[in-house]
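Visitor: Got work.txt for you, compact mmCIF, C-alpha atoms:
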# COMPACT_ATOMS: atom_id res chain seq x y z
CA MET A 1 0.00 0.00 0.00
CA ASP A 2 1.60 3.30 -0.99
CA ILE A 3 0.81 6.88 -0.08
CA LYS A 4 -0.86 7.69 -3.39
CA ASN A 5 -3.16 4.66 -3.23
CA GLU A 6 -3.98 5.28 0.39
CA LEU A 7 -4.92 8.92 -0.25
CA GLU A 8 -6.86 7.88 -3.35
CA LYS A 9 -8.81 5.30 -1.36
CA ALA A 10 -9.58 7.65 1.50
CA ASN A 11 -10.77 10.43 -0.80
CA ARG A 12 -12.49 8.46 -3.54
CA ASP A 13 -15.86 10.02 -2.75
CA ILE A 14 -14.51 13.49 -3.47
CA ARG A 15 -14.94 14.03 -7.18
CA LEU A 16 -15.47 16.94 -9.49
CA SER A 17 -18.92 16.02 -10.75
CA GLU A 18 -20.23 16.66 -14.25
CA LYS A 19 -22.68 19.12 -12.73
CA GLU A 20 -19.83 21.08 -11.19
CA LYS A 21 -17.88 21.03 -14.44
CA SER A 22 -20.87 22.33 -16.32
CA SER A 23 -21.37 25.06 -13.70
CA ILE A 24 -17.69 26.05 -14.05
CA ARG A 25 -18.01 26.21 -17.86
CA SER A 26 -21.13 28.27 -17.67
CA ARG A 27 -19.62 30.73 -15.18
CA ALA A 28 -16.32 30.98 -17.05
CA PHE A 29 -17.86 31.44 -20.48
CA ARG A 30 -20.50 33.83 -19.19
CA ALA A 31 -17.75 35.99 -17.76
CA LYS A 32 -16.12 35.95 -21.18
CA LYS A 33 -19.29 36.94 -22.99
CA THR A 34 -19.66 40.12 -20.98
CA ASN A 35 -16.54 41.44 -22.69
CA PHE A 36 -18.34 41.44 -26.03
CA HIS A 37 -21.03 43.70 -24.61
CA LEU A 38 -18.71 46.04 -22.80
CA LYS A 39 -18.83 48.74 -25.47
CA PRO A 40 -22.61 48.97 -25.88
CA ALA A 41 -23.02 48.77 -22.11
CA PHE A 42 -20.53 51.59 -21.60
CA ILE A 43 -22.34 53.73 -24.17
CA THR A 44 -25.69 53.05 -22.51
CA VAL A 45 -24.34 54.00 -19.08
CA LEU A 46 -22.79 57.15 -20.53
CA PHE A 47 -26.09 58.06 -22.18
CA LEU A 48 -28.04 57.55 -18.94
CA LEU A 49 -25.52 59.59 -16.97
CA THR A 50 -25.81 62.45 -19.44
CA LEU A 51 -29.59 62.27 -19.21
CA VAL A 52 -29.50 62.41 -15.39
CA VAL A 53 -27.09 65.36 -15.38
CA LEU A 54 -29.23 67.27 -17.86
CA SER A 55 -32.44 66.62 -15.93
CA LEU A 56 -30.98 67.46 -12.48
CA PRO A 57 -32.09 71.15 -12.45
CA TYR A 58 -35.69 70.02 -13.06
CA LEU A 59 -35.81 67.44 -10.27
CA PRO A 60 -37.27 68.40 -6.84
CA LEU A 61 -34.74 68.28 -4.02
CA VAL A 62 -35.22 65.24 -1.85
CA ASN A 63 -33.48 64.55 1.42
CA ILE A 64 -32.36 61.02 0.73
CA GLY A 65 -30.99 60.54 4.21
CA GLU A 66 -34.46 60.98 5.73
CA SER A 67 -36.54 59.16 3.18
CA ALA A 68 -34.45 56.03 2.65
CA ALA A 69 -34.96 53.14 5.01
CA SER A 70 -31.71 52.65 6.90
CA PRO A 71 -30.27 49.17 6.31
CA VAL A 72 -28.67 47.14 9.09
CA ASN A 73 -25.07 48.22 9.30
CA VAL A 74 -23.18 44.97 9.64
CA TYR A 75 -19.70 46.34 9.06
CA PRO A 76 -19.07 49.37 11.27
CA GLU A 77 -17.81 52.28 9.17
CA LYS A 78 -15.64 53.77 11.90
CA PRO A 79 -13.33 51.98 14.32
CA ILE A 80 -15.42 50.94 17.28
CA SER A 81 -14.64 51.82 20.88
CA LYS A 82 -13.00 49.48 23.38
CA GLU A 83 -16.31 49.10 25.25
CA GLN A 84 -18.09 48.18 22.05
CA LYS A 85 -15.43 45.62 21.25
CA GLU A 86 -15.83 44.03 24.66
CA SER A 87 -19.56 43.96 24.21
CA TYR A 88 -19.23 42.44 20.73
CA TYR A 89 -16.78 39.84 22.01
CA GLU A 90 -19.20 38.90 24.78
CA GLU A 91 -21.91 38.46 22.15
CA TYR A 92 -19.59 36.41 19.94
CA THR A 93 -18.75 34.14 22.89
CA LYS A 94 -22.45 33.54 23.60
CA ILE A 95 -23.12 32.76 19.94
CA VAL A 96 -20.26 30.26 19.82
CA GLU A 97 -21.46 28.65 23.07
CA GLN A 98 -24.97 28.29 21.69
CA ALA A 99 -23.59 26.65 18.57
CA MET A 100 -21.47 24.27 20.65
CA ASP A 101 -24.50 23.37 22.78
CA LEU A 102 -25.95 21.69 19.71
CA LYS A 103 -23.19 19.06 20.09
CA SER A 104 -23.16 18.58 16.37
CA GLY A 105 -19.63 17.23 16.44
CA ILE A 106 -18.18 20.47 15.09
CA GLY A 107 -15.63 22.27 17.22
CA ILE A 108 -15.68 26.05 17.01
CA SER A 109 -13.34 28.20 19.03
CA LEU A 110 -13.03 31.94 19.17
CA ALA A 111 -9.64 33.56 18.78
CA PRO A 112 -8.52 35.73 21.72
CA MET A 113 -9.85 39.27 21.58
CA GLN A 114 -6.34 40.73 21.24
CA GLU A 115 -5.92 38.94 17.92
CA PHE A 116 -8.85 40.77 16.33
CA LYS A 117 -7.91 43.48 13.87
CA GLU A 118 -10.05 46.60 13.41
CA THR A 119 -11.54 45.10 10.26
CA ASP A 120 -12.47 41.88 12.06
CA TRP A 121 -15.17 43.49 14.17
CA VAL A 122 -18.53 42.82 12.62
CA ALA A 123 -21.99 43.27 14.03
CA PRO A 124 -23.06 40.25 16.13
CA ILE A 125 -25.93 39.61 13.71
CA GLU A 126 -23.41 39.04 10.93
CA PHE A 127 -21.22 36.94 13.18
CA LYS A 128 -24.18 34.72 14.07
CA LYS A 129 -25.01 34.31 10.39
CA ASP A 130 -21.47 33.08 9.82
CA ILE A 131 -21.62 30.58 12.68
CA ASP A 132 -25.03 29.30 11.59
CA GLU A 133 -23.67 28.75 8.10
CA MET A 134 -20.75 26.76 9.51
CA VAL A 135 -23.00 24.50 11.54
CA GLU A 136 -25.45 24.06 8.66
CA SER A 137 -22.64 23.20 6.31
CA HIS A 138 -21.27 20.66 8.82
CA LEU A 139 -24.68 19.04 9.26
CA ALA A 140 -25.25 18.95 5.50
CA THR A 141 -21.88 17.22 5.02
CA GLU A 142 -22.78 14.75 7.77
CA ALA A 143 -26.16 13.93 6.20
CA ASP A 144 -24.58 13.55 2.80
CA LEU A 145 -21.76 11.25 3.97
CA ILE A 146 -24.06 9.11 6.11
CA ALA A 147 -26.57 8.71 3.27
CA LYS A 148 -23.77 7.43 1.05
CA ARG A 149 -22.68 4.74 3.51
CA GLU A 150 -25.85 3.86 5.39
CA SER A 151 -26.30 0.66 3.41
CA GLU A 152 -23.07 -0.69 4.95
CA LEU A 153 -24.69 -0.90 8.41
CA TYR A 154 -26.08 -4.21 9.64
CA SER A 155 -29.74 -4.27 10.57
CA ALA A 156 -30.71 -4.45 14.26
CA LYS A 157 -30.31 -7.78 16.05
CA THR A 158 -31.77 -8.99 19.34
CA ASP A 159 -29.96 -11.77 21.20
CA ARG A 160 -31.47 -14.41 23.47
CA TYR A 161 -30.93 -12.22 26.53
CA GLY A 162 -33.18 -9.57 25.03
CA GLU A 163 -30.42 -7.12 24.17
CA THR A 164 -30.89 -5.31 20.87
CA ARG A 165 -27.91 -3.99 18.95
CA LYS A 166 -28.03 -1.47 16.15
CA ASN A 167 -25.21 0.45 14.50
CA VAL A 168 -25.05 4.09 13.43
CA PHE A 169 -22.55 6.42 11.84
CA ILE A 170 -21.56 9.65 13.50
CA TYR A 171 -19.60 12.38 11.76
CA VAL A 172 -16.81 14.27 13.41
CA PRO A 173 -14.56 16.35 11.22
CA ASP A 174 -13.49 14.71 8.96
CA PHE A 175 -14.44 11.11 9.56
CA LEU A 176 -17.46 8.88 9.79
CA LYS A 177 -17.22 6.64 12.83
CA GLU A 178 -19.38 3.62 13.46
CA LEU A 179 -21.02 3.15 16.86
CA GLU A 180 -22.99 0.21 18.18
CA VAL A 181 -25.99 1.08 20.33
CA THR A 182 -27.19 -1.61 22.73
CA ALA A 183 -30.49 -1.40 24.58
CA HIS A 184 -32.84 -3.68 26.47
CA PHE A 185 -36.44 -3.19 25.38
CA ASP A 186 -39.62 -4.46 26.97
CA THR A 187 -42.67 -4.89 24.78
CA ARG A 188 -46.29 -5.66 25.68
CA TYR A 189 -49.43 -6.64 23.93
CA SER A 190 -51.79 -3.73 23.32
CA SER A 191 -55.34 -4.94 23.12
CA ASP A 192 -56.46 -1.55 21.77
CA ASP A 193 -54.19 -1.88 18.75
CA ASN A 194 -54.15 -5.68 18.66
CA ARG A 195 -50.35 -5.74 18.38
CA GLN A 196 -47.11 -5.66 20.36
CA VAL A 197 -45.82 -2.21 21.32
CA PHE A 198 -42.85 -0.86 23.23
CA GLU A 199 -43.24 -0.49 26.96
CA ASP A 200 -39.84 0.39 28.34
CA VAL A 201 -36.15 0.64 27.59
CA ALA A 202 -33.18 0.19 29.88
CA SER A 203 -29.43 -0.21 29.79
CA VAL A 204 -28.79 1.97 26.77
CA SER A 205 -25.08 1.89 26.02
CA THR A 206 -22.83 2.66 23.09
CA ALA A 207 -19.50 1.32 21.92
CA ILE A 208 -17.26 2.37 19.08
CA LYS A 209 -16.89 -0.14 16.23
CA SER A 210 -14.44 1.84 14.13
CA PRO A 211 -10.82 0.84 14.67
CA THR A 212 -9.68 4.30 15.68
CA GLY A 213 -10.87 6.74 18.30
CA GLU A 214 -12.62 6.42 21.64
CA TRP A 215 -16.25 7.03 22.48
CA LYS A 216 -17.66 7.77 25.93
CA GLN A 217 -21.40 8.02 26.34
CA THR A 218 -22.40 10.81 28.71
CA SER A 219 -26.20 10.66 28.66
CA TYR A 220 -29.28 9.39 26.87
CA GLU A 221 -32.95 10.21 26.74
CA ALA A 222 -35.57 7.92 25.28
CA ALA A 223 -39.10 8.67 24.10
CA ILE A 224 -41.85 6.40 22.83
CA ILE A 225 -43.65 7.73 19.77
CA ASP A 226 -46.23 6.55 17.22
CA GLY A 227 -48.43 4.85 19.79
CA GLY A 228 -45.64 2.65 21.11
CA GLN A 229 -44.37 1.50 17.72
CA LYS A 230 -41.15 3.52 17.86
CA TYR A 231 -38.52 4.45 20.37
CA VAL A 232 -36.34 7.48 19.67
CA ILE A 233 -33.22 7.57 21.79
CA ASP A 234 -31.13 10.74 21.94
CA ILE A 235 -27.60 9.90 22.91
CA GLU A 236 -24.80 12.26 23.87
CA GLY A 237 -21.16 11.51 24.31
CA THR A 238 -17.60 12.48 23.64
CA PHE A 239 -15.52 11.16 20.79
CA THR A 240 -11.76 11.37 21.25
CA LEU A 241 -9.08 10.91 18.64
CA ASN A 242 -5.44 11.76 19.09
CA GLY A 243 -6.18 13.58 22.32
CA LEU A 244 -8.77 15.85 20.72
CA SER A 245 -12.35 15.56 21.92
CA TYR A 246 -15.57 16.34 20.12
CA GLU A 247 -18.94 16.49 21.83
CA LYS A 248 -21.55 14.73 19.79
CA ALA A 249 -25.30 14.20 20.09
CA PHE A 250 -27.26 11.92 17.80
CA ALA A 251 -30.62 10.19 17.68
CA ILE A 252 -31.34 6.56 16.87
CA GLU A 253 -34.71 5.03 16.17
CA PHE A 254 -35.94 1.51 17.00
CA THR A 255 -39.18 0.09 15.66
CA CYS A 256 -41.35 -2.63 17.16
CA ASP A 257 -43.41 -4.63 14.67
CA GLU A 258 -46.80 -6.19 15.45
CA PHE A 259 -45.13 -9.39 16.70
CA GLY A 260 -42.63 -7.62 18.95
CA GLN A 261 -39.65 -7.90 16.61
CA ILE A 262 -37.36 -4.92 16.99
CA SER A 263 -35.55 -3.30 14.10
CA MET B 1 -4.59 32.20 -27.00
CA ASP B 2 -8.01 32.24 -28.60
CA HIS B 3 -11.32 31.50 -26.98
CA PHE B 4 -11.61 27.95 -28.38
CA GLU B 5 -8.12 27.03 -27.30
CA LYS B 6 -8.82 28.28 -23.77
CA LYS B 7 -12.09 26.37 -23.70
CA GLU B 8 -10.32 23.20 -24.71
CA ILE B 9 -7.61 23.63 -22.07
CA LEU B 10 -10.24 24.21 -19.40
CA ASN B 11 -12.17 21.08 -20.36
CA GLU B 12 -9.05 18.99 -20.54
CA SER B 13 -7.77 20.28 -17.20
CA MET B 14 -11.07 19.58 -15.46
CA THR B 15 -11.02 16.02 -16.81
CA GLN B 16 -7.38 15.37 -15.96
CA HIS B 17 -7.01 17.26 -12.70
CA GLY B 18 -10.55 17.97 -11.46
CA ASP B 19 -10.75 15.17 -8.88
CA TYR B 20 -7.15 15.74 -7.78
CA ILE B 21 -7.64 19.49 -7.35
CA LYS B 22 -10.86 19.01 -5.39
CA ARG B 23 -9.23 16.46 -3.08
CA LEU B 24 -6.21 18.70 -2.56
CA ILE B 25 -8.52 21.62 -1.69
CA PHE B 26 -10.42 19.42 0.73
CA SER B 27 -7.13 18.41 2.37
CA TYR B 28 -6.57 22.09 3.20
CA ILE B 29 -10.08 23.26 3.95
CA LYS B 30 -11.66 20.11 5.47
CA ASP B 31 -15.12 21.36 4.65
CA SER B 32 -16.76 19.76 1.65
CA SER B 33 -19.20 22.54 0.78
CA LYS B 34 -16.47 25.17 1.02
CA ALA B 35 -14.21 22.94 -1.08
CA GLU B 36 -16.93 22.85 -3.74
CA ASP B 37 -17.03 26.66 -3.84
CA ILE B 38 -13.26 26.94 -3.98
CA VAL B 39 -12.81 24.38 -6.75
CA GLN B 40 -15.19 26.41 -8.91
CA ASP B 41 -13.28 29.62 -8.21
CA VAL B 42 -9.99 27.89 -8.99
CA PHE B 43 -11.04 26.72 -12.44
CA ILE B 44 -12.69 30.03 -13.29
CA LYS B 45 -9.55 31.92 -12.25
CA PHE B 46 -7.48 29.43 -14.21
CA TYR B 47 -9.58 30.02 -17.32
CA LYS B 48 -9.52 33.80 -16.97
CA ASN B 49 -5.77 33.86 -16.44
CA LEU B 50 -4.86 31.56 -19.29
CA ASP B 51 -4.06 34.66 -21.40
CA ARG B 52 -1.39 35.54 -18.88
CA PHE B 53 0.10 32.06 -18.87
CA GLU B 54 3.58 32.50 -20.28
CA GLY B 55 4.59 28.88 -20.56
CA ARG B 56 7.48 29.19 -18.13
CA SER B 57 5.86 26.48 -16.06
CA SER B 58 3.52 23.70 -17.12
CA ILE B 59 -0.24 24.14 -17.27
CA LYS B 60 -0.43 21.65 -14.42
CA THR B 61 1.76 23.65 -12.04
CA PHE B 62 -0.03 26.85 -13.13
CA LEU B 63 -3.36 25.28 -12.14
CA TYR B 64 -2.06 23.92 -8.84
CA ARG B 65 -0.50 27.26 -7.96
CA ILE B 66 -3.92 28.89 -8.30
CA ALA B 67 -5.49 26.14 -6.17
CA VAL B 68 -2.89 26.42 -3.42
CA ASN B 69 -3.19 30.24 -3.42
CA GLU B 70 -6.97 30.05 -3.12
CA CYS B 71 -6.68 27.62 -0.20
CA GLN B 72 -4.05 29.71 1.55
CA ASN B 73 -6.17 32.84 1.04
CA TYR B 74 -9.12 31.08 2.59
CA LEU B 75 -7.08 29.83 5.52
CA SER B 76 -5.86 33.35 6.21
CA SER B 77 -9.30 34.91 5.77
CA TRP B 78 -11.26 36.47 8.58
CA HIS B 79 -13.69 33.61 8.55
CA TYR B 80 -11.01 31.04 9.17
CA ARG B 81 -8.66 33.04 11.37
CA LYS B 82 -11.24 34.01 13.89
CA LEU B 83 -13.15 30.76 13.99
CA LYS B 84 -11.43 27.48 13.76
CA ILE B 85 -13.75 24.64 12.88
CA THR B 86 -11.19 22.12 13.77
CA GLU B 87 -11.41 20.77 17.20
CA LYS B 88 -12.45 21.61 20.69
CA ILE B 89 -9.38 20.85 22.63
CA LYS B 90 -10.19 19.51 26.05
CA ASN B 91 -7.67 16.98 27.20
CA LEU B 92 -4.82 17.72 24.89
CA GLU B 93 -1.54 17.24 26.61
CA TYR B 94 0.87 19.76 25.26
CA LYS B 95 4.09 18.21 24.15
CA SER B 96 7.38 19.82 23.31
CA SER B 97 6.98 19.35 19.59
CA VAL B 98 4.15 18.72 17.24
CA GLU B 99 5.93 15.77 15.71
CA ASP B 100 6.51 13.96 19.01
CA ASP B 101 2.94 14.45 20.00
CA TYR B 102 1.78 13.31 16.64
CA ILE B 103 3.85 10.15 16.55
CA GLN B 104 2.95 9.00 20.04
CA LYS B 105 -0.77 9.27 19.53
CA GLU B 106 -0.98 7.79 16.07
CA GLN B 107 -0.67 4.12 16.70
CA ASN B 108 -3.71 2.74 15.05
CA VAL B 109 -4.75 5.32 12.47
CA SER B 110 -4.84 5.02 8.69
CA LEU B 111 -2.12 6.58 6.60
CA SER B 112 -4.59 9.07 5.20
CA ASP B 113 -5.62 10.07 8.75
CA LEU B 114 -1.95 10.49 9.62
CA ILE B 115 -1.35 12.81 6.69
CA GLY B 116 -4.58 14.70 7.35
CA LYS B 117 -3.46 15.53 10.87
CA MET B 118 -0.03 16.78 9.85
CA PRO B 119 0.76 20.50 10.04
CA VAL B 120 -0.19 22.19 6.72
CA LYS B 121 3.39 22.87 5.65
CA TYR B 122 4.25 19.15 5.71
CA ARG B 123 0.85 17.96 4.55
CA GLU B 124 0.85 20.10 1.41
CA VAL B 125 4.25 18.89 0.21
CA ILE B 126 3.31 15.26 0.88
CA TRP B 127 0.11 15.70 -1.12
CA LEU B 128 1.77 17.54 -3.97
CA HIS B 129 4.67 15.10 -4.21
CA TYR B 130 3.09 11.71 -3.62
CA TYR B 131 -0.48 12.28 -4.71
CA VAL B 132 -0.26 14.89 -7.46
CA GLU B 133 3.18 13.58 -8.42
CA LEU B 134 4.85 16.96 -8.83
CA THR B 135 8.63 17.14 -8.77
CA VAL B 136 10.45 19.12 -6.08
CA PRO B 137 11.13 22.13 -8.40
CA GLU B 138 7.47 22.06 -9.49
CA ILE B 139 6.33 22.10 -5.85
CA ALA B 140 8.68 25.02 -5.19
CA ASP B 141 7.02 26.82 -8.11
CA VAL B 142 3.51 26.03 -6.85
CA LEU B 143 4.24 27.04 -3.26
CA ASP B 144 6.40 29.98 -4.28
CA CYS B 145 9.31 28.93 -2.10
CA SER B 146 12.82 27.61 -2.66
CA VAL B 147 13.67 24.08 -3.75
CA ASN B 148 15.59 23.62 -0.50
CA THR B 149 12.56 24.54 1.58
CA VAL B 150 10.50 21.92 -0.25
CA LYS B 151 13.24 19.32 0.26
CA THR B 152 13.44 20.06 3.99
CA ARG B 153 9.68 19.89 4.44
CA LEU B 154 9.46 16.67 2.48
CA LEU B 155 12.24 15.16 4.53
CA ARG B 156 10.65 16.13 7.83
CA GLY B 157 7.19 15.10 6.65
CA ARG B 158 8.51 11.73 5.52
CA LYS B 159 10.33 11.27 8.80
CA VAL B 160 7.17 11.88 10.79
CA LEU B 161 5.22 9.50 8.57
CA LYS B 162 7.89 6.83 8.54
CA ILE B 163 8.21 6.70 12.31
CA ALA B 164 4.45 6.67 12.74
CA ILE B 165 4.12 3.84 10.23
CA GLU B 166 6.86 1.81 11.89
CA GLU B 167 5.22 2.31 15.26
CA SER B 168 1.91 1.13 13.85
CA GLY B 169 3.53 -2.22 13.18
CA GLY B 170 4.47 -1.66 9.58
CA ALA B 171 0.92 -1.99 8.31
CA TYR B 172 1.82 0.19 5.35
CA GLY B 173 4.47 -0.35 2.76
CA TYR B 174 6.65 2.70 2.75
CA GLN B 175 8.81 3.62 -0.17
CA LYS B 176 11.03 6.55 -1.13
For the structure just supplied, provide its representation as structure tokens.

Guide:
Amino acid sequence: MDIKNELEKANRDIRLSEKEKSSIRSRAFRAKKTNFHLKPAFITVLFLLTLVVLSLPYLPLVNIGESAASPVNVYPEKPISKEQKESYYEEYTKIVEQAMDLKSGIGISLAPMQEFKETDWVAPIEFKKDIDEMVESHLATEADLIAKRESELYSAKTDRYGETRKNVFIYVPDFLKELEVTAHFDTRYSSDDNRQVFEDVASVSTAIKSPTGEWKQTSYEAAIIDGGQKYVIDIEGTFTLNGLSYEKAFAIEFTCDEFGQIS
Amino acid sequence: MDHFEKKEILNESMTQHGDYIKRLIFSYIKDSSKAEDIVQDVFIKFYKNLDRFEGRSSIKTFLYRIAVNECQNYLSSWHYRKLKITEKIKNLEYKSSVEDDYIQKEQNVSLSDLIGKMPVKYREVIWLHYYVELTVPEIADVLDCSVNTVKTRLLRGRKVLKIAIEESGGAYGYQK
């Protein structure tokens, strides 16, 4: 196994798709086409400018500053004061904490305040937009990668001691890691529905199946839905690789069929 | 260079180097949606600048230089400098050198993982040399640094990898 093959194997899902190529062509060639229209466009702009200048004396004076709706100023025009910076930094910290509370597996850290340049200070609303985009992009990548490999997971199995095992993928930058969730379910016969339904769950635990990294479950919360036909278990834990830890929360669903088989 | 010639070079380059460029970008950025944006910008910039291509380097190194520049620009941007979507360090024990730390912890990790966790300056030369198969002078051209700098980084990068591989029980064949 050589380095090239190993990198090729690990990155085989990353490809420049035909759709992307076509988008590149269209953007590149469109940019080129604008050159052909530069002259007529320039003449048109010149004509309009002349028209505006000529008609200026006939236009009523309008105080634009008062009539225009003031847009949200996301990039302060002047250097902001020390107090404002502290206040902004406090806001930034809260926004980052809120994002981290999602335990999406992404790790976001804020650089020390002293490292911020004047141009780095943006309104908290803009900062939040940036953070939200990061988290959304991370979750989209996770959904995409899991969808591609979900078929590799074994279906749930229940052993003779009543323990059910089901595997899931979790995504922490930049890997998918496989976890095995074990739980002990009790089912009962529901005369109202004339079928078996879930009654209780206990001993929910998780173990890492991937060869690298460590997983430590910190909590779980289970809820019965769909009239006892499904159990949704929210699990939280910490994944550690090479001394770096990522907090991760994920949900797993178990289904009870009419005969009490769990999948 | 006329329009048709440029069009042809763009198409050919996307076919030959598209996957490689995208993977290289991902190795820097580690964010697939951002890598998608950047790969588009790289090829558009490449196309627009073909008129300025003087033939002193190959088309391949010209393209990779643009890709590396775009990645480095992104990594030094506000977005990246102020917010690092890398890791939340909790229990990291600080060691005297990155390499020592790196080698001790990587016992059971794939070669690709090992390379992915290397500091950028070593990672980029490893990628460009072993994966993209650029020569040392070509890498120097792409990274805009001296041939000796590339050699030193390659040597150190290889050393880190080699020791890590040996410590993992020689699971990977290591050549060069």

Visitor: Check the smallest atom-to-atom distance from each of A:Ser81, A:Gln261, A:Ser155, A:Ser22 to chain B using all atoms listed in the file, then report the winner.

Guide: A:Ser22

Visitor: Just the number, please: distance in Å from CA of Asp257 in chain A to CA of Gln229 in chain A, one decimal.

Guide: 6.9 Å

Visitor: Could you list, as an MDAnalysis selection string, every residue within 9 Å of Phe43 in chain B, counting all atoms listed in the file and ignoring same-chain residues fewer than 2 positions away?

Guide: (chainID A and resid 24:25 28) or (chainID B and resid 10 13:14 18 38:41 45:48 63 66:67)

Visitor: Using only C-alpha atoms, can you tell me which of B:Leu111, B:Leu24, B:Cys71, B:Leu50 comes closest to Val132 in chain B?

Guide: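 Among the listed residues, the smallest separation from Val132 in chain B belongs to B:Leu24.
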
Visitor: Using only C-alpha atoms and a cutoff of 8 Å, can you tell me which residues are near (-17.5, -0.6, 10.8) in the file's coordinates, and write them out as JSON, numbers by chain?

Guide: {"A": [153, 177, 178, 179, 209, 210, 211]}

Visitor: Would you work out the distance separating CA of Val181 in chain A from CA of Phe259 in chain A, expressed in Å to one decimal?

Guide: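 Separating CA of Val181 in chain A from CA of Phe259 in chain A is a distance of 22.1 Å.
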
Visitor: Taking all atoms listed in the file into account, which residues of chain A are within 7 Å of chain B, as a list in words?

Guide: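 Every residue of chain A that passes the 7 Å test is in Met1, Asp2, Ile3, Lys4, Glu6, Leu7, Ala10, Asn11, Ile14, Arg15, Leu16, Ile24, Ala28, Ile106, Gly107, Ile108, Ser109, Leu110, Ala111, Asp120, Ser137, Thr141, Asp174, Thr212, Asn242, Gly243, Leu244, Ser245 and Tyr246 of chain A.
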
Visitor: If you measure from CA of Gly228 in chain A to CA of Arg188 in chain A, what distance in Å do you get, rounded to one decimal?

Guide: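 Separating CA of Gly228 in chain A from CA of Arg188 in chain A is a distance of 9.5 Å.
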
Visitor: For Lys60 in chain B, which residue among B:Leu134, B:Gly157, B:Lys121, B:Asp144 is the nearest when counting all atoms listed in the file?

Guide: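 Smallest distance to Lys60 in chain B is found for B:Leu134.
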
Visitor: Closest to Ile139 in chain B among B:Lys162, B:Arg156, B:Arg65, B:Arg52, using all atoms listed in the file?

Guide: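 Result for the nearest residue to Ile139 in chain B: B:Arg65.
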
Visitor: Between B:Val160, B:Thr135, B:Ser146, B:Val125, which is the closest to Ser58 in chain B once you count all atoms listed in the file?

Guide: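 Smallest separation from Ser58 in chain B among the options: B:Thr135.
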
Visitor: Kindly indicate which residue among A:Ser17, A:Ser104, A:Ser203, A:Thr218 lies nearest to Ile170 in chain A, using all atoms listed in the file for the distances.

Guide: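 Among the listed residues, A:Ser104 lies closest to Ile170 in chain A.
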